[in-house]
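**Student:** Please find work-v2.cif (mmCIF, C-alpha atoms and all ligand atoms) on the next line:
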```
data_data
loop_
_atom_site.label_atom_id
_atom_site.label_comp_id
_atom_site.auth_asym_id
_atom_site.auth_seq_id
_atom_site.Cartn_x
_atom_site.Cartn_y
_atom_site.Cartn_z
CA MET A 5 2.45 -2.07 25.10
CA GLY A 6 4.74 -4.09 22.88
CA VAL A 7 4.44 -4.76 19.17
CA ALA A 8 2.80 -8.17 19.69
CA ASP A 9 0.06 -6.72 21.92
CA ASN A 10 -0.51 -3.83 19.52
CA LEU A 11 -0.77 -6.26 16.63
CA SER A 12 -3.39 -8.41 18.29
CA ARG A 13 -5.40 -5.33 19.23
CA VAL A 14 -5.28 -4.05 15.64
CA ARG A 15 -6.24 -7.50 14.29
CA GLU A 16 -9.26 -7.48 16.60
CA LEU A 17 -10.34 -4.03 15.41
CA VAL A 18 -9.92 -5.09 11.78
CA ALA A 19 -12.07 -8.18 12.42
CA GLU A 20 -14.72 -6.05 14.17
CA ALA A 21 -14.87 -3.64 11.24
CA GLU A 22 -15.19 -6.61 8.85
CA ARG A 23 -18.12 -7.96 10.87
CA ARG A 24 -19.81 -4.58 11.23
CA SER A 25 -19.76 -3.96 7.51
CA GLY A 26 -20.74 -7.47 6.46
CA ARG A 27 -17.36 -8.20 4.91
CA GLU A 28 -15.92 -11.73 4.76
CA PRO A 29 -13.82 -12.50 7.85
CA GLY A 30 -10.17 -12.30 6.82
CA SER A 31 -10.91 -10.38 3.60
CA VAL A 32 -8.89 -7.37 4.71
CA ARG A 33 -5.11 -7.75 4.65
CA LEU A 34 -3.05 -6.05 7.34
CA MET A 35 0.18 -4.32 6.36
CA ALA A 36 2.56 -3.20 9.13
CA VAL A 37 4.19 0.09 8.09
CA SER A 38 7.68 -0.03 9.61
CA LYS A 39 9.19 3.25 8.33
CA PHE A 40 11.45 4.92 10.90
CA HIS A 41 11.37 1.78 13.05
CA PRO A 42 14.36 -0.58 13.25
CA ALA A 43 14.77 -4.12 11.90
CA SER A 44 14.32 -5.39 15.47
CA ALA A 45 10.75 -4.04 15.50
CA VAL A 46 10.01 -5.77 12.18
CA ILE A 47 11.36 -9.02 13.60
CA GLU A 48 9.19 -8.65 16.70
CA ALA A 49 6.16 -8.30 14.42
CA ILE A 50 7.15 -11.35 12.34
CA ARG A 51 7.44 -13.41 15.51
CA ALA A 52 3.90 -12.29 16.35
CA GLY A 53 2.68 -13.64 13.01
CA GLN A 54 2.86 -10.54 10.79
CA THR A 55 3.88 -11.27 7.19
CA LEU A 56 3.41 -8.06 5.16
CA PHE A 57 5.36 -4.83 5.67
CA GLY A 58 5.33 -1.41 4.05
CA GLU A 59 8.14 1.13 3.71
CA ASN A 60 8.27 4.63 2.22
CA ARG A 61 11.91 5.09 1.36
CA VAL A 62 13.95 2.75 -0.79
CA GLN A 63 17.30 3.19 0.96
CA GLU A 64 15.88 2.71 4.44
CA ALA A 65 13.88 -0.31 3.27
CA GLU A 66 16.88 -1.90 1.57
CA ASP A 67 19.12 -1.68 4.65
CA LYS A 68 16.40 -2.82 7.05
CA PHE A 69 15.06 -5.73 5.04
CA GLU A 70 18.50 -7.01 4.12
CA GLU A 71 18.96 -7.46 7.86
CA VAL A 72 15.46 -8.89 8.46
CA ARG A 73 15.73 -11.34 5.55
CA ARG A 74 18.93 -12.90 6.87
CA THR A 75 16.65 -14.58 9.43
CA TYR A 76 13.25 -14.30 7.72
CA PRO A 77 13.80 -14.49 3.94
CA GLU A 78 10.04 -14.74 3.39
CA ALA A 79 9.28 -11.26 4.84
CA GLU A 80 7.04 -9.56 2.27
CA LEU A 81 7.61 -5.89 1.47
CA HIS A 82 5.56 -3.33 -0.46
CA MET A 83 6.79 0.17 -1.27
CA ILE A 84 4.16 2.78 -0.34
CA GLY A 85 5.97 6.13 -0.51
CA SER A 86 6.36 8.53 -3.40
CA LEU A 87 9.11 7.17 -5.58
CA GLN A 88 11.69 8.93 -7.73
CA ARG A 89 12.28 7.36 -11.10
CA ASN A 90 15.96 6.78 -10.38
CA LYS A 91 14.99 4.60 -7.37
CA ALA A 92 12.66 2.37 -9.39
CA GLY A 93 15.30 -0.31 -9.99
CA LYS A 94 16.01 -0.79 -6.31
CA ALA A 95 12.30 -0.70 -5.49
CA VAL A 96 11.68 -3.51 -7.98
CA ALA A 97 14.58 -5.51 -6.54
CA ILE A 98 13.53 -5.38 -2.88
CA SER A 99 9.72 -5.42 -3.00
CA SER A 100 6.92 -7.54 -4.43
CA CYS A 101 4.54 -4.62 -4.99
CA ILE A 102 4.88 -0.90 -5.59
CA GLN A 103 1.68 0.70 -4.28
CA SER A 104 2.61 4.30 -5.06
CA VAL A 105 2.64 4.40 -8.87
CA ASP A 106 1.44 7.93 -9.59
CA ARG A 107 2.67 8.76 -13.11
CA LEU A 108 3.40 7.12 -16.43
CA GLU A 109 7.13 7.87 -16.43
CA LEU A 110 7.48 6.00 -13.12
CA LEU A 111 5.47 3.05 -14.47
CA ASP A 112 7.74 2.99 -17.54
CA ALA A 113 10.84 2.91 -15.34
CA ILE A 114 9.39 0.11 -13.18
CA SER A 115 8.62 -1.94 -16.28
CA ALA A 116 12.10 -1.38 -17.76
CA HIS A 117 13.75 -2.53 -14.53
CA ALA A 118 11.44 -5.54 -14.21
CA GLN A 119 12.43 -6.58 -17.75
CA LYS A 120 16.12 -6.11 -17.02
CA ALA A 121 15.89 -8.13 -13.81
CA GLY A 122 13.51 -10.72 -15.27
CA LYS A 123 11.29 -10.16 -12.24
CA LYS A 124 7.53 -9.88 -12.11
CA ILE A 125 6.32 -6.90 -10.07
CA ASP A 126 2.84 -6.04 -8.78
CA VAL A 127 1.65 -2.45 -8.81
CA LEU A 128 -1.16 -0.39 -7.36
CA PHE A 129 -2.04 2.97 -8.85
CA GLU A 130 -2.18 5.73 -6.27
CA PHE A 131 -5.15 7.99 -6.85
CA HIS A 132 -5.60 11.42 -5.32
CA THR A 133 -8.91 11.56 -3.44
CA GLY A 134 -8.48 14.38 -0.94
CA GLU A 135 -7.98 18.12 -0.98
CA GLU A 136 -4.83 18.18 1.10
CA SER A 137 -2.95 15.08 0.06
CA LYS A 138 -0.76 15.83 -2.91
CA SER A 139 0.30 12.41 -4.08
CA GLY A 140 -1.43 10.28 -6.66
CA TYR A 141 -3.02 10.69 -10.07
CA ALA A 142 -5.11 13.85 -9.97
CA ASP A 143 -7.71 12.72 -12.49
CA THR A 144 -9.02 9.58 -14.14
CA ASP A 145 -7.70 10.58 -17.60
CA SER A 146 -4.07 10.40 -16.49
CA LEU A 147 -4.77 7.22 -14.49
CA PHE A 148 -6.46 5.56 -17.46
CA ALA A 149 -3.56 6.47 -19.77
CA SER A 150 -1.17 4.62 -17.45
CA ILE A 151 -3.46 1.59 -17.24
CA ASP A 152 -3.60 1.50 -21.05
CA ALA A 153 0.20 1.48 -21.14
CA LEU A 154 0.28 -1.82 -19.17
CA GLU A 155 -0.46 -3.63 -22.42
CA SER A 156 3.20 -3.36 -23.40
CA MET A 157 4.52 -4.22 -19.91
CA PRO A 158 4.39 -8.00 -19.56
CA LEU A 159 6.16 -8.14 -16.18
CA VAL A 160 4.04 -5.48 -14.48
CA ALA A 161 0.86 -6.85 -12.89
CA CYS A 162 -1.94 -4.50 -11.93
CA ARG A 163 -3.53 -5.36 -8.57
CA GLY A 164 -5.71 -2.33 -7.87
CA LEU A 165 -5.67 1.15 -6.40
CA MET A 166 -4.29 2.94 -3.36
CA THR A 167 -5.10 6.26 -1.69
CA MET A 168 -4.34 8.38 1.33
CA ALA A 169 -7.33 10.14 2.84
CA PRO A 170 -6.94 13.82 3.69
CA PHE A 171 -5.50 14.53 7.10
CA THR A 172 -8.61 15.73 8.94
CA LYS A 173 -10.79 14.77 11.87
CA ASP A 174 -13.88 15.29 9.71
CA GLU A 175 -14.98 11.68 9.21
CA ALA A 176 -17.41 12.57 6.42
CA VAL A 177 -14.51 13.96 4.36
CA VAL A 178 -12.39 10.88 5.05
CA ARG A 179 -15.21 8.52 4.10
CA ALA A 180 -15.92 10.47 0.91
CA SER A 181 -12.29 10.02 -0.06
CA PHE A 182 -12.46 6.23 0.46
CA ALA A 183 -15.78 5.99 -1.35
CA ARG A 184 -14.27 7.91 -4.26
CA LEU A 185 -11.44 5.38 -4.57
CA ALA A 186 -13.92 2.49 -4.49
CA SER A 187 -15.92 4.13 -7.25
CA VAL A 188 -12.86 4.74 -9.45
CA ARG A 189 -11.87 1.10 -8.89
CA ASP A 190 -15.33 -0.06 -10.06
CA GLN A 191 -14.94 2.10 -13.17
CA CYS A 192 -11.51 0.55 -13.88
CA ALA A 193 -12.77 -2.99 -13.35
CA ARG A 194 -15.58 -2.41 -15.87
CA ARG A 195 -13.26 -0.81 -18.40
CA TRP A 196 -10.48 -3.43 -18.16
CA PRO A 197 -12.26 -6.68 -17.25
CA ALA A 198 -9.12 -8.71 -17.97
CA LEU A 199 -7.04 -6.83 -15.39
CA ASP A 200 -7.00 -7.42 -11.64
CA PHE A 201 -8.35 -4.49 -9.62
CA SER A 202 -9.14 -6.56 -6.53
CA THR A 203 -6.93 -4.60 -4.11
CA LEU A 204 -8.15 -1.36 -2.56
CA SER A 205 -5.32 -0.15 -0.34
CA MET A 206 -6.78 2.44 2.00
CA GLY A 207 -6.87 3.08 5.74
CA MET A 208 -4.12 3.99 8.22
CA SER A 209 -3.92 4.02 12.05
CA GLY A 210 -6.45 6.81 12.45
CA ASP A 211 -9.02 5.79 9.86
CA PHE A 212 -8.80 2.08 9.05
CA SER A 213 -12.20 1.12 10.49
CA ALA A 214 -13.93 3.64 8.22
CA ALA A 215 -11.79 2.48 5.29
CA ILE A 216 -12.87 -1.14 5.81
CA GLU A 217 -16.51 -0.09 5.96
CA GLU A 218 -15.96 1.69 2.62
CA GLY A 219 -14.48 -1.42 0.98
CA SER A 220 -10.75 -1.46 1.80
CA THR A 221 -9.03 -4.82 1.21
CA LEU A 222 -5.62 -3.77 2.57
CA VAL A 223 -4.96 -1.43 5.49
CA ARG A 224 -1.53 0.18 6.02
CA ILE A 225 -0.88 0.61 9.73
CA GLY A 226 2.22 2.07 11.34
CA THR A 227 1.68 4.00 14.57
CA ALA A 228 -0.96 1.68 16.05
CA ILE A 229 1.48 -1.26 15.71
CA PHE A 230 4.95 0.22 16.26
CA GLY A 231 4.16 3.38 18.25
CA GLU A 232 5.10 6.95 17.38
CA ARG A 233 7.88 7.37 14.81
CA GLN A 234 11.14 9.00 15.98
C1 LIG A 301 3.23 6.27 7.11
C2 LIG A 301 2.21 5.75 6.18
C3 LIG A 301 1.18 4.89 6.63
C4 LIG A 301 0.99 4.53 8.10
O1 LIG A 301 0.57 5.64 8.84
P1 LIG A 301 0.10 5.51 10.38
O2 LIG A 301 -0.76 6.68 10.58
O3 LIG A 301 1.34 5.54 11.20
O4 LIG A 301 -0.63 4.22 10.51
C5 LIG A 301 0.30 4.40 5.68
N1 LIG A 301 0.40 4.71 4.38
C6 LIG A 301 1.37 5.53 3.91
C7 LIG A 301 1.44 5.81 2.45
C8 LIG A 301 2.29 6.08 4.80
O5 LIG A 301 3.24 6.90 4.32
#
```
How would this structure read if it were set down as structure tokens?

**Tutor:**
Amino acid sequence: MGVADNLSRVRELVAEAERRSGREPGSVRLMAVSKFHPASAVIEAIRAGQTLFGENRVQEAEDKFEEVRRTYPEAELHMIGSLQRNKAGKAVAISSCIQSVDRLELLDAISAHAQKAGKKIDVLFEFHTGEESKSGYADTDSLFASIDALESMPLVACRGLMTMAPFTKDEAVVRASFARLASVRDQCARRWPALDFSTLSMGMSGDFSAAIEEGSTLVRIGTAIFGERQ
């Protein structure tokens, strides 16, 4: 199966999960995670109508999307991998959203680079919801401290939260992780009514249907679109 066929199959499954859970048709955004796949695979996906891509590593993303954007300058890219502070400048330059903000010092660096570049950048806060996954804010106190800091960061726009469910076949555990993120999001939205917490980025190839049923608004799918990574 090629990328275009995989994409239409995934779109169908996303639509089915939306229907099953009484969600608005089209309310869940599909991100194609292209890490470890070449620019040619990204271009195949764009030709099949895909607009949003996700990458984990700044250097790989920069090389790949420089090539892709020669033909498709509108290709939209979010960074989704854990990010070192010294890569924040490049991440701001090449992407429209950094989904993996997991500590205040990284948020500070993103804001400083956004100011320097005069570029507005969206962020999601990555929250730790599973036993095994290590990335993300470990507790709401540290998350809330970062959200408070946004007040002095005019070019950083909060869009919501992101999580990775634990790597397990136990669906109850996976669902509990998604439900936890939705509940933390509701808490944030009540506490900061002026900020935008509309995006819940959760769900990957193995668990996106469950994620949509638990309220995901953005699913990040690699393997089911591009095949196994080399
Ligand atoms: C790799 C990755 C994905 C996609 O994973 P698949 O299982 O291939 O769909 C999603 N989110 C993050 C943060 C990733 O690193």

**Student:** For ligand LIG 301 (chain A), collect every residue having any atom at a distance of at most 8 Å from a ligand atom (counting all atoms listed in the file); output as a list in words.

**Tutor:** Ala36, Val37, Lys39, Gly58, Glu59, Asn60, Ile84, Gly85, Ser104, Thr167, Met168, Met206, Gly207, Met208, Ser209, Gly210, Val223, Arg224, Ile225, Gly226, Thr227, Ala228, Ile229, Gly231, Glu232 and Arg233 of chain A

**Student:** Which residues, written as an NGL selection string, have at least one atom at most 8 Å from Ser202 in chain A, with all atoms listed in the file counted and residues fewer than 4 positions away on the same chain left out?

**Tutor:** :A and (163-164 or 221)

**Student:** Can you tell me which residues surround Ala193 in chain A at a distance of at most 12 Å, considering all atoms listed in the file, apart from same-chain residues fewer than 3 positions away, and format the answer as a PDB file with C-alpha atoms, in the frame of the given file?

**Tutor:**
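Result file selection.pdb:
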```
ATOM      1  CA  PHE A 148      -6.460   5.560 -17.460  1.00  0.00           C
ATOM      2  CA  ILE A 151      -3.460   1.590 -17.240  1.00  0.00           C
ATOM      3  CA  CYS A 162      -1.940  -4.500 -11.930  1.00  0.00           C
ATOM      4  CA  ARG A 163      -3.530  -5.360  -8.570  1.00  0.00           C
ATOM      5  CA  GLY A 164      -5.710  -2.330  -7.870  1.00  0.00           C
ATOM      6  CA  LEU A 165      -5.670   1.150  -6.400  1.00  0.00           C
ATOM      7  CA  ALA A 186     -13.920   2.490  -4.490  1.00  0.00           C
ATOM      8  CA  SER A 187     -15.920   4.130  -7.250  1.00  0.00           C
ATOM      9  CA  VAL A 188     -12.860   4.740  -9.450  1.00  0.00           C
ATOM     10  CA  ARG A 189     -11.870   1.100  -8.890  1.00  0.00           C
ATOM     11  CA  ASP A 190     -15.330  -0.060 -10.060  1.00  0.00           C
ATOM     12  CA  TRP A 196     -10.480  -3.430 -18.160  1.00  0.00           C
ATOM     13  CA  PRO A 197     -12.260  -6.680 -17.250  1.00  0.00           C
ATOM     14  CA  ALA A 198      -9.120  -8.710 -17.970  1.00  0.00           C
ATOM     15  CA  LEU A 199      -7.040  -6.830 -15.390  1.00  0.00           C
ATOM     16  CA  ASP A 200      -7.000  -7.420 -11.640  1.00  0.00           C
ATOM     17  CA  PHE A 201      -8.350  -4.490  -9.620  1.00  0.00           C
ATOM     18  CA  SER A 202      -9.140  -6.560  -6.530  1.00  0.00           C
ATOM     19  CA  THR A 203      -6.930  -4.600  -4.110  1.00  0.00           C
ATOM     20  CA  LEU A 204      -8.150  -1.360  -2.560  1.00  0.00           C
TER      21      LEU A 204
END
```

**Student:** I'd like the neighbourhood of range 43-55 of chain A as a list in words, where a residue qualifies if any of its atoms comes within 9 Å (using all atoms listed in the file), though same-chain residues fewer than 5 positions away should be ignored.

**Tutor:** Gly6, Val7, Ala8, Asp9, Leu11, Ser12, Leu34, Met35, Ala36, Ser38, Asp67, Lys68, Phe69, Glu71, Val72, Thr75, Tyr76, Glu78, Ala79, Glu80, Leu81, Ile229 and Phe230 of chain A

**Student:** Taking C-alpha atoms for each residue, export the selection above as a compact mmCIF listing (two decimals), in the frame of the given file.

**Tutor:**
```txt
# COMPACT_ATOMS: atom_id res chain seq x y z
CA GLY A 6 4.74 -4.09 22.88
CA VAL A 7 4.44 -4.76 19.17
CA ALA A 8 2.80 -8.17 19.69
CA ASP A 9 0.06 -6.72 21.92
CA LEU A 11 -0.77 -6.26 16.63
CA SER A 12 -3.39 -8.41 18.29
CA LEU A 34 -3.05 -6.05 7.34
CA MET A 35 0.18 -4.32 6.36
CA ALA A 36 2.56 -3.20 9.13
CA SER A 38 7.68 -0.03 9.61
CA ASP A 67 19.12 -1.68 4.65
CA LYS A 68 16.40 -2.82 7.05
CA PHE A 69 15.06 -5.73 5.04
CA GLU A 71 18.96 -7.46 7.86
CA VAL A 72 15.46 -8.89 8.46
CA THR A 75 16.65 -14.58 9.43
CA TYR A 76 13.25 -14.30 7.72
CA GLU A 78 10.04 -14.74 3.39
CA ALA A 79 9.28 -11.26 4.84
CA GLU A 80 7.04 -9.56 2.27
CA LEU A 81 7.61 -5.89 1.47
CA ILE A 229 1.48 -1.26 15.71
CA PHE A 230 4.95 0.22 16.26
```

**Student:** Give me, please, the distance in Å between CA of His117 in chain A and CA of Ile98 in chain A, quoted to one decimal.

**Tutor:**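 So the answer is 12.0 Å.
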
**Student:** With all atoms listed in the file as the atoms that count, which of A:Leu87, A:Ala214, A:Val96, A:Val160 lies nearest to Val178 in chain A?

**Tutor:**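 Looking only at the distances to Val178 in chain A, the closest residue turns out to be A:Ala214.
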
**Student:** Could I get range 149-171 of chain A from the block written out with N, CA, C and O atoms, as an mmCIF file, in the first residue's frame?

**Tutor:**
```cif
data_model
loop_
_atom_site.group_PDB
_atom_site.id
_atom_site.type_symbol
_atom_site.label_atom_id
_atom_site.label_comp_id
_atom_site.auth_asym_id
_atom_site.auth_seq_id
_atom_site.Cartn_x
_atom_site.Cartn_y
_atom_site.Cartn_z
ATOM 1 N N ALA A 149 2.932 26.530 36.586
ATOM 2 C CA ALA A 149 3.955 27.578 36.695
ATOM 3 C C ALA A 149 4.380 28.052 35.304
ATOM 4 O O ALA A 149 4.591 29.249 35.073
ATOM 5 N N SER A 150 4.497 27.121 34.361
ATOM 6 C CA SER A 150 4.856 27.507 32.991
ATOM 7 C C SER A 150 3.734 28.310 32.337
ATOM 8 O O SER A 150 3.986 29.294 31.637
ATOM 9 N N ILE A 151 2.502 27.885 32.567
ATOM 10 C CA ILE A 151 1.369 28.608 31.954
ATOM 11 C C ILE A 151 1.307 30.037 32.512
ATOM 12 O O ILE A 151 1.075 30.993 31.766
ATOM 13 N N ASP A 152 1.570 30.185 33.790
ATOM 14 C CA ASP A 152 1.612 31.525 34.389
ATOM 15 C C ASP A 152 2.676 32.400 33.721
ATOM 16 O O ASP A 152 2.488 33.597 33.550
ATOM 17 N N ALA A 153 3.788 31.779 33.348
ATOM 18 C CA ALA A 153 4.897 32.538 32.757
ATOM 19 C C ALA A 153 4.548 33.106 31.380
ATOM 20 O O ALA A 153 5.206 34.035 30.897
ATOM 21 N N LEU A 154 3.512 32.563 30.730
ATOM 22 C CA LEU A 154 3.128 33.036 29.390
ATOM 23 C C LEU A 154 2.767 34.517 29.377
ATOM 24 O O LEU A 154 2.837 35.174 28.336
ATOM 25 N N GLU A 155 2.373 35.015 30.544
ATOM 26 C CA GLU A 155 1.953 36.415 30.647
ATOM 27 C C GLU A 155 3.008 37.373 30.113
ATOM 28 O O GLU A 155 2.684 38.413 29.551
ATOM 29 N N SER A 156 4.281 37.007 30.297
ATOM 30 C CA SER A 156 5.356 37.892 29.832
ATOM 31 C C SER A 156 5.963 37.416 28.508
ATOM 32 O O SER A 156 7.103 37.742 28.191
ATOM 33 N N MET A 157 5.176 36.623 27.752
ATOM 34 C CA MET A 157 5.690 36.081 26.481
ATOM 35 C C MET A 157 4.706 36.385 25.351
ATOM 36 O O MET A 157 3.950 35.509 24.920
ATOM 37 N N PRO A 158 4.722 37.614 24.861
ATOM 38 C CA PRO A 158 3.680 38.053 23.923
ATOM 39 C C PRO A 158 3.655 37.286 22.595
ATOM 40 O O PRO A 158 2.615 37.234 21.951
ATOM 41 N N LEU A 159 4.764 36.671 22.204
ATOM 42 C CA LEU A 159 4.763 35.994 20.898
ATOM 43 C C LEU A 159 4.545 34.485 21.010
ATOM 44 O O LEU A 159 4.587 33.765 20.023
ATOM 45 N N VAL A 160 4.321 34.011 22.228
ATOM 46 C CA VAL A 160 4.061 32.577 22.425
ATOM 47 C C VAL A 160 2.574 32.378 22.697
ATOM 48 O O VAL A 160 2.042 32.920 23.661
ATOM 49 N N ALA A 161 1.912 31.620 21.817
ATOM 50 C CA ALA A 161 0.466 31.414 21.946
ATOM 51 C C ALA A 161 0.153 29.999 22.406
ATOM 52 O O ALA A 161 0.489 29.027 21.729
ATOM 53 N N CYS A 162 -0.485 29.896 23.546
ATOM 54 C CA CYS A 162 -0.908 28.589 24.057
ATOM 55 C C CYS A 162 -2.065 28.057 23.230
ATOM 56 O O CYS A 162 -3.019 28.772 22.939
ATOM 57 N N ARG A 163 -1.985 26.785 22.832
ATOM 58 C CA ARG A 163 -3.076 26.159 22.066
ATOM 59 C C ARG A 163 -3.658 24.936 22.748
ATOM 60 O O ARG A 163 -4.645 24.388 22.283
ATOM 61 N N GLY A 164 -2.980 24.435 23.806
ATOM 62 C CA GLY A 164 -3.539 23.270 24.490
ATOM 63 C C GLY A 164 -2.468 22.343 25.030
ATOM 64 O O GLY A 164 -1.367 22.776 25.354
ATOM 65 N N LEU A 165 -2.821 21.063 25.101
ATOM 66 C CA LEU A 165 -1.955 20.071 25.734
ATOM 67 C C LEU A 165 -1.686 18.891 24.804
ATOM 68 O O LEU A 165 -2.464 18.590 23.896
ATOM 69 N N MET A 166 -0.588 18.211 25.081
ATOM 70 C CA MET A 166 -0.212 17.023 24.311
ATOM 71 C C MET A 166 0.215 15.921 25.277
ATOM 72 O O MET A 166 0.748 16.213 26.348
ATOM 73 N N THR A 167 -0.024 14.666 24.905
ATOM 74 C CA THR A 167 0.529 13.563 25.695
ATOM 75 C C THR A 167 0.833 12.363 24.816
ATOM 76 O O THR A 167 0.344 12.251 23.690
ATOM 77 N N MET A 168 1.686 11.493 25.357
ATOM 78 C CA MET A 168 1.903 10.172 24.770
ATOM 79 C C MET A 168 1.404 9.149 25.774
ATOM 80 O O MET A 168 1.846 9.154 26.925
ATOM 81 N N ALA A 169 0.518 8.274 25.337
ATOM 82 C CA ALA A 169 0.016 7.240 26.231
ATOM 83 C C ALA A 169 1.128 6.222 26.484
ATOM 84 O O ALA A 169 2.041 6.083 25.679
ATOM 85 N N PRO A 170 1.064 5.514 27.605
ATOM 86 C CA PRO A 170 2.072 4.475 27.841
ATOM 87 C C PRO A 170 2.017 3.407 26.748
ATOM 88 O O PRO A 170 0.975 3.169 26.143
ATOM 89 N N PHE A 171 3.156 2.812 26.515
ATOM 90 C CA PHE A 171 3.288 1.804 25.473
ATOM 91 C C PHE A 171 2.812 0.465 26.018
ATOM 92 O O PHE A 171 3.581 -0.299 26.581
#
```
